[in-house]
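Trainee: What follows is input_30.pdb, made up of PDB, C-alpha atoms:
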```
ATOM      1  CA  MET A   1     -33.568  26.675 -31.206
ATOM      2  CA  SER A   2     -32.101  25.035 -34.267
ATOM      3  CA  LEU A   3     -28.642  23.543 -34.282
ATOM      4  CA  THR A   4     -26.381  25.411 -36.626
ATOM      5  CA  ALA A   5     -22.772  24.659 -37.451
ATOM      6  CA  LYS A   6     -21.636  27.331 -34.999
ATOM      7  CA  ASN A   7     -23.779  25.920 -32.182
ATOM      8  CA  ILE A   8     -22.469  22.432 -32.862
ATOM      9  CA  SER A   9     -18.899  23.715 -32.833
ATOM     10  CA  HIS A  10     -19.539  25.352 -29.443
ATOM     11  CA  ILE A  11     -20.943  22.114 -28.065
ATOM     12  CA  VAL A  12     -17.981  20.127 -29.407
ATOM     13  CA  PHE A  13     -15.606  22.673 -27.856
ATOM     14  CA  ILE A  14     -17.253  22.361 -24.427
ATOM     15  CA  VAL A  15     -17.229  18.553 -24.603
ATOM     16  CA  ALA A  16     -13.551  18.543 -25.668
ATOM     17  CA  ILE A  17     -12.579  20.797 -22.737
ATOM     18  CA  SER A  18     -14.517  18.587 -20.317
ATOM     19  CA  ILE A  19     -12.804  15.448 -21.627
ATOM     20  CA  LEU A  20      -9.424  17.159 -21.361
ATOM     21  CA  VAL A  21     -10.053  18.087 -17.718
ATOM     22  CA  ILE A  22     -11.168  14.526 -16.905
ATOM     23  CA  VAL A  23      -8.052  13.094 -18.565
ATOM     24  CA  MET A  24      -5.865  15.518 -16.593
ATOM     25  CA  ALA A  25      -7.575  14.503 -13.350
ATOM     26  CA  VAL A  26      -7.098  10.790 -14.023
ATOM     27  CA  ALA A  27      -3.459  11.340 -15.040
ATOM     28  CA  SER A  28      -2.670  13.276 -11.871
ATOM     29  CA  TYR A  29      -4.395  10.633  -9.737
ATOM     30  CA  VAL A  30      -2.334   7.857 -11.371
ATOM     31  CA  PHE A  31       0.853   9.913 -10.984
ATOM     32  CA  ILE A  32       0.184  10.464  -7.287
ATOM     33  CA  SER A  33      -0.658   6.807  -6.742
ATOM     34  CA  LEU A  34       2.586   5.715  -8.359
ATOM     35  CA  SER A  35       4.704   8.251  -6.506
ATOM     36  CA  CYS A  36       3.435   7.332  -3.038
ATOM     37  CA  LYS A  37       6.106   5.540  -1.071
ATOM     38  CA  ASP A  38       5.340   2.830   1.436
ATOM     39  CA  THR A  39       6.495   4.396   4.653
ATOM     40  CA  SER A  40       3.837   2.829   6.784
ATOM     41  CA  ILE A  41       6.244   0.720   8.831
ATOM     42  CA  ASN A  42       8.864   3.021  10.262
ATOM     43  CA  SER A  43      10.818   1.172  12.869
ATOM     44  CA  ASN A  44      12.425   3.215  15.605
ATOM     45  CA  CYS A  45      13.476   0.104  17.494
ATOM     46  CA  SER A  46      16.599  -1.835  16.776
ATOM     47  CA  ASP A  47      16.529  -5.471  15.773
ATOM     48  CA  LYS A  48      17.783  -6.470  19.198
ATOM     49  CA  GLU A  49      14.649  -5.098  20.843
ATOM     50  CA  THR A  50      12.210  -6.735  18.455
ATOM     51  CA  LEU A  51      13.982 -10.056  18.213
ATOM     52  CA  GLN A  52      14.690 -10.757  21.846
ATOM     53  CA  THR A  53      15.116 -14.364  22.786
ATOM     54  CA  ILE A  54      15.124 -16.131  26.057
ATOM     55  CA  LYS A  55      18.267 -18.089  26.836
ATOM     56  CA  ILE A  56      18.389 -20.576  29.617
ATOM     57  CA  GLN A  57      21.942 -21.355  30.454
ATOM     58  CA  LEU A  58      22.672 -24.782  31.813
ATOM     59  CA  GLU A  59      25.875 -25.435  33.578
ATOM     60  CA  GLU A  60      28.002 -28.045  31.951
ATOM     61  CA  ASN A  61      30.601 -29.886  33.880
ATOM     62  CA  SER A  62      33.062 -31.238  31.350
ATOM     63  CA  ASN A  63      34.977 -33.273  33.955
ATOM     64  CA  ASP A  64      31.882 -35.262  34.954
ATOM     65  CA  ASN A  65      30.877 -35.893  31.320
ATOM     66  CA  SER A  66      34.228 -37.115  29.997
ATOM     67  CA  THR A  67      32.793 -40.438  28.873
ATOM     68  CA  GLY A  68      30.105 -38.771  26.763
ATOM     69  CA  GLN A  69      27.273 -40.116  28.882
ATOM     70  CA  ALA A  70      24.502 -37.904  30.169
ATOM     71  CA  THR A  71      24.632 -37.068  33.807
ATOM     72  CA  ILE A  72      21.599 -36.500  35.911
ATOM     73  CA  LYS A  73      21.791 -33.660  38.355
ATOM     74  CA  VAL A  74      19.313 -33.561  41.184
ATOM     75  CA  VAL A  75      18.054 -30.063  41.816
ATOM     76  CA  PRO A  76      15.732 -29.022  44.615
ATOM     77  CA  ILE A  77      12.192 -28.134  43.563
ATOM     78  CA  LYS A  78      12.540 -24.541  44.815
ATOM     79  CA  GLU A  79      15.375 -23.874  42.339
ATOM     80  CA  VAL A  80      13.303 -25.338  39.512
ATOM     81  CA  GLN A  81      10.349 -23.204  40.589
ATOM     82  CA  LEU A  82      12.534 -20.058  40.653
ATOM     83  CA  LEU A  83      13.935 -20.921  37.218
ATOM     84  CA  LEU A  84      10.420 -21.459  35.833
ATOM     85  CA  ASP A  85       9.224 -18.198  37.399
ATOM     86  CA  SER A  86      12.105 -16.259  35.856
ATOM     87  CA  VAL A  87      11.431 -17.850  32.451
ATOM     88  CA  ASN A  88       7.722 -17.073  32.833
ATOM     89  CA  ASN A  89       8.508 -13.440  33.718
ATOM     90  CA  LYS A  90      10.777 -13.086  30.671
ATOM     91  CA  ILE A  91       8.071 -14.582  28.444
ATOM     92  CA  LEU A  92       5.521 -12.119  29.851
ATOM     93  CA  GLN A  93       7.939  -9.220  29.313
ATOM     94  CA  ASN A  94       8.505 -10.324  25.716
ATOM     95  CA  GLN A  95       4.742 -10.642  25.215
ATOM     96  CA  GLU A  96       4.277  -7.075  26.413
ATOM     97  CA  ILE A  97       7.083  -5.848  24.134
ATOM     98  CA  ILE A  98       5.561  -7.680  21.158
ATOM     99  CA  SER A  99       2.051  -6.377  21.976
ATOM    100  CA  ASP A 100       3.326  -2.795  22.264
ATOM    101  CA  ARG A 101       5.275  -3.095  19.016
ATOM    102  CA  GLN A 102       2.231  -4.555  17.272
ATOM    103  CA  ALA A 103       0.051  -1.687  18.512
ATOM    104  CA  ASP A 104       2.650   0.836  17.293
ATOM    105  CA  LEU A 105       2.792  -0.811  13.868
ATOM    106  CA  ILE A 106      -0.988  -0.861  13.590
ATOM    107  CA  ASN A 107      -1.133   2.840  14.508
ATOM    108  CA  ASP A 108       1.602   3.628  11.942
ATOM    109  CA  ILE A 109      -0.314   1.761   9.239
ATOM    110  CA  ARG A 110      -3.552   3.542  10.139
ATOM    111  CA  GLN A 111      -1.854   6.939  10.075
ATOM    112  CA  GLU A 112      -0.216   6.276   6.702
ATOM    113  CA  THR A 113      -3.519   5.045   5.271
ATOM    114  CA  ASN A 114      -5.253   8.198   6.515
ATOM    115  CA  ASN A 115      -2.493  10.363   4.998
ATOM    116  CA  ASN A 116      -2.888   8.652   1.609
ATOM    117  CA  LEU A 117      -6.674   9.010   1.740
ATOM    118  CA  ASP A 118      -6.316  12.702   2.601
ATOM    119  CA  LYS A 119      -3.996  13.251  -0.390
ATOM    120  CA  HIS A 120      -6.382  11.558  -2.780
ATOM    121  CA  SER A 121      -9.392  13.329  -1.306
ATOM    122  CA  ALA A 122      -7.685  16.694  -1.753
ATOM    123  CA  TRP A 123      -6.895  16.000  -5.409
ATOM    124  CA  LEU A 124     -10.396  14.707  -6.010
ATOM    125  CA  ALA A 125     -11.891  17.848  -4.445
ATOM    126  CA  PHE A 126      -9.592  20.016  -6.580
ATOM    127  CA  TRP A 127     -10.656  18.381  -9.835
ATOM    128  CA  ILE A 128     -14.332  18.409  -8.887
ATOM    129  CA  THR A 129     -13.953  22.149  -8.272
ATOM    130  CA  VAL A 130     -12.282  22.608 -11.673
ATOM    131  CA  LEU A 131     -15.069  20.654 -13.380
ATOM    132  CA  GLY A 132     -17.673  22.671 -11.490
ATOM    133  CA  PHE A 133     -16.043  25.921 -12.547
ATOM    134  CA  ILE A 134     -15.954  24.805 -16.183
ATOM    135  CA  GLY A 135     -19.549  23.609 -15.911
ATOM    136  CA  VAL A 136     -20.614  27.063 -14.724
ATOM    137  CA  ALA A 137     -18.251  29.262 -16.744
ATOM    138  CA  CYS A 138     -18.762  27.644 -20.157
ATOM    139  CA  PRO A 139     -22.552  28.131 -20.345
ATOM    140  CA  ILE A 140     -22.230  31.712 -19.058
ATOM    141  CA  ALA A 141     -19.575  32.513 -21.662
ATOM    142  CA  TYR A 142     -21.639  30.810 -24.357
ATOM    143  CA  GLN A 143     -24.718  32.834 -23.390
ATOM    144  CA  PHE A 144     -22.680  36.052 -23.283
ATOM    145  CA  LEU A 145     -21.315  35.424 -26.784
ATOM    146  CA  ASN A 146     -24.742  34.497 -28.121
ATOM    147  CA  SER A 147     -26.386  37.587 -26.626
ATOM    148  CA  PHE A 148     -24.551  39.820 -29.130
ATOM    149  CA  LYS A 149     -25.657  37.639 -32.006
ATOM    150  CA  MET A 150     -29.251  37.567 -30.744
ATOM    151  CA  GLU A 151     -29.262  41.367 -30.302
ATOM    152  CA  LYS A 152     -28.044  41.824 -33.857
ATOM    153  CA  GLU A 153     -30.718  39.468 -35.241
ATOM    154  CA  LEU A 154     -33.379  41.210 -33.130
ATOM    155  CA  ASN A 155     -32.371  44.621 -34.515
ATOM    156  CA  GLU A 156     -32.534  43.259 -38.078
ATOM    157  CA  PHE A 157     -35.981  41.864 -37.370
ATOM    158  CA  ARG A 158     -37.137  45.233 -35.969
ATOM    159  CA  VAL A 159     -35.896  46.999 -39.103
ATOM    160  CA  GLN A 160     -37.806  44.516 -41.253
ATOM    161  CA  LEU A 161     -40.971  45.070 -39.204
ATOM    162  CA  ARG A 162     -40.673  48.846 -39.557
ATOM    163  CA  GLU A 163     -40.218  48.537 -43.310
ATOM    164  CA  GLU A 164     -43.228  46.239 -43.498
ATOM    165  CA  ASP A 165     -45.313  48.689 -41.449
ATOM    166  CA  GLU A 166     -44.271  51.559 -43.747
ATOM    167  CA  ARG A 167     -45.263  49.528 -46.828
ATOM    168  CA  ARG A 168     -48.664  48.757 -45.336
ATOM    169  CA  LYS A 169     -49.215  52.425 -44.503
ATOM    170  CA  THR A 170     -48.324  53.461 -48.031
ATOM    171  CA  LEU A 171     -50.611  50.793 -49.469
ATOM    172  CA  ASN A 172     -53.450  51.817 -47.153
ATOM    173  CA  GLU A 173     -53.035  55.459 -48.124
ATOM    174  CA  ALA A 174     -53.175  54.670 -51.766
TER     175      ALA A 174
END
```
Now that the file is in, can you turn its structure into structure tokens?

Mentor:
Amino acid sequence: MSLTAKNISHIVFIVAISILVIVMAVASYVFISLSCKDTSINSNCSDKETLQTIKIQLEENSNDNSTGQATIKVVPIKEVQLLLDSVNNKILQNQEIISDRQADLINDIRQETNNNLDKHSAWLAFWITVLGFIGVACPIAYQFLNSFKMEKELNEFRVQLREEDERRKTLNEA
């Protein structure tokens, strides 16, 4: 099959359409990437819950400390142990709150990442389908259009063969 100007123009047309589809796919991917909002950290908790602090209140006796000197207060060991146990319990509670909040944030980030990947995968599948359709439809359309041309050339060739056969018969008869 020789390349004629019409064949070359068909090939250029198919290549131009393919490039146009690829450019559209890249443009839509960039548009989606830029329009995605970072909503991966949605906080349902108030700042008071996440920023809890432990306060140990010490009693101050302003009458005893009027000279500005430090006073030493003797406290039984059981009271100190109870105070340390209560502080330890509050620290453990805060650790649990922080661990739960961290797990929630990690799950939120994972979910948002999965949502973004699903969006991009859907667009990628759409454009691959469009390219596949063009890759199938263009050659079929090209073959359909060329079949008329080939039929016409075949009929012309048949006419020429008949004329040649008639000339040979007339020459053979003579």

Trainee: Name the closest residue to Met24 (chain A) among the candidates A:Leu145, A:Pro139, A:Ile128, A:Glu166; distances are taken between atoms, counting all atoms listed in the file.

Mentor: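 Counting all atoms listed in the file, the residue closest to Met24 (chain A) is A:Ile128.
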
Trainee: Work out how far apart CA of Ile109 (chain A) and CA of Ala25 (chain A) are and give it in Å to one decimal.

Mentor: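 About the pair CA of Ile109 (chain A) and CA of Ala25 (chain A): they are 26.9 Å apart.
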
Trainee: Report, in Å to a single decimal, how far apart CA of His120 (chain A) and CA of Ala27 (chain A) are.

Mentor: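 If I compute the distance from CA of Ala27 (chain A) to CA of His120 (chain A), I get 12.6 Å.
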
Trainee: Taking all atoms listed in the file into account, name the residue in A:Leu83, A:Ala125, A:Leu117, A:Ile134 that is nearest to Val15 (chain A).

Mentor: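 Nearest candidate to Val15 (chain A) out of A:Leu83, A:Ala125, A:Leu117, A:Ile134: A:Ile134.
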
Trainee: So, with all atoms listed in the file as the atoms that count, which of A:Tyr142, A:Trp127, A:Phe133, A:Phe148 lies closest to Ile22 (chain A)?

Mentor: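 Closest to Ile22 (chain A), using all atoms listed in the file: A:Trp127.
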
Trainee: Please determine, counting only C-alpha atoms, which residue among A:Leu154, A:Leu161, A:Val87, A:Cys138 has the shortest atom-to-atom distance to Ile11 (chain A).

Mentor: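 Result for the nearest residue to Ile11 (chain A): A:Cys138.
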
Trainee: Taking all atoms of region 100-118 of chain A that the file lists and extending 8 Å past them on each side, where is the centre of the axis-aligned box and how long are its edges? Answer in Å to one decimal, as lines of an AutoDock Vina configuration file.

Mentor:
```
center_x = -0.7
center_y = 4.1
center_z = 11.9
size_x = 27.9
size_y = 33.3
size_z = 36.7
```

Trainee: For a test of reading the model, state the distance in Å between CA of Ala141 (chain A) and CA of Ile14 (chain A), rounded to one decimal.

Mentor: 10.8 Å

Trainee: Which is closest to Leu124 (chain A) among A:Ala103, A:Val136, A:Leu20, A:Val26, if we use all atoms listed in the file?

Mentor: A:Val26

Trainee: Can you work out which one of A:Ser28, A:Asn107, A:Thr170, A:Gln160 has the shortest atom-to-atom distance to Lys119 (chain A), counting all atoms listed in the file?

Mentor: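 Once distances to Lys119 (chain A) are computed over all atoms listed in the file, the minimum belongs to A:Ser28.
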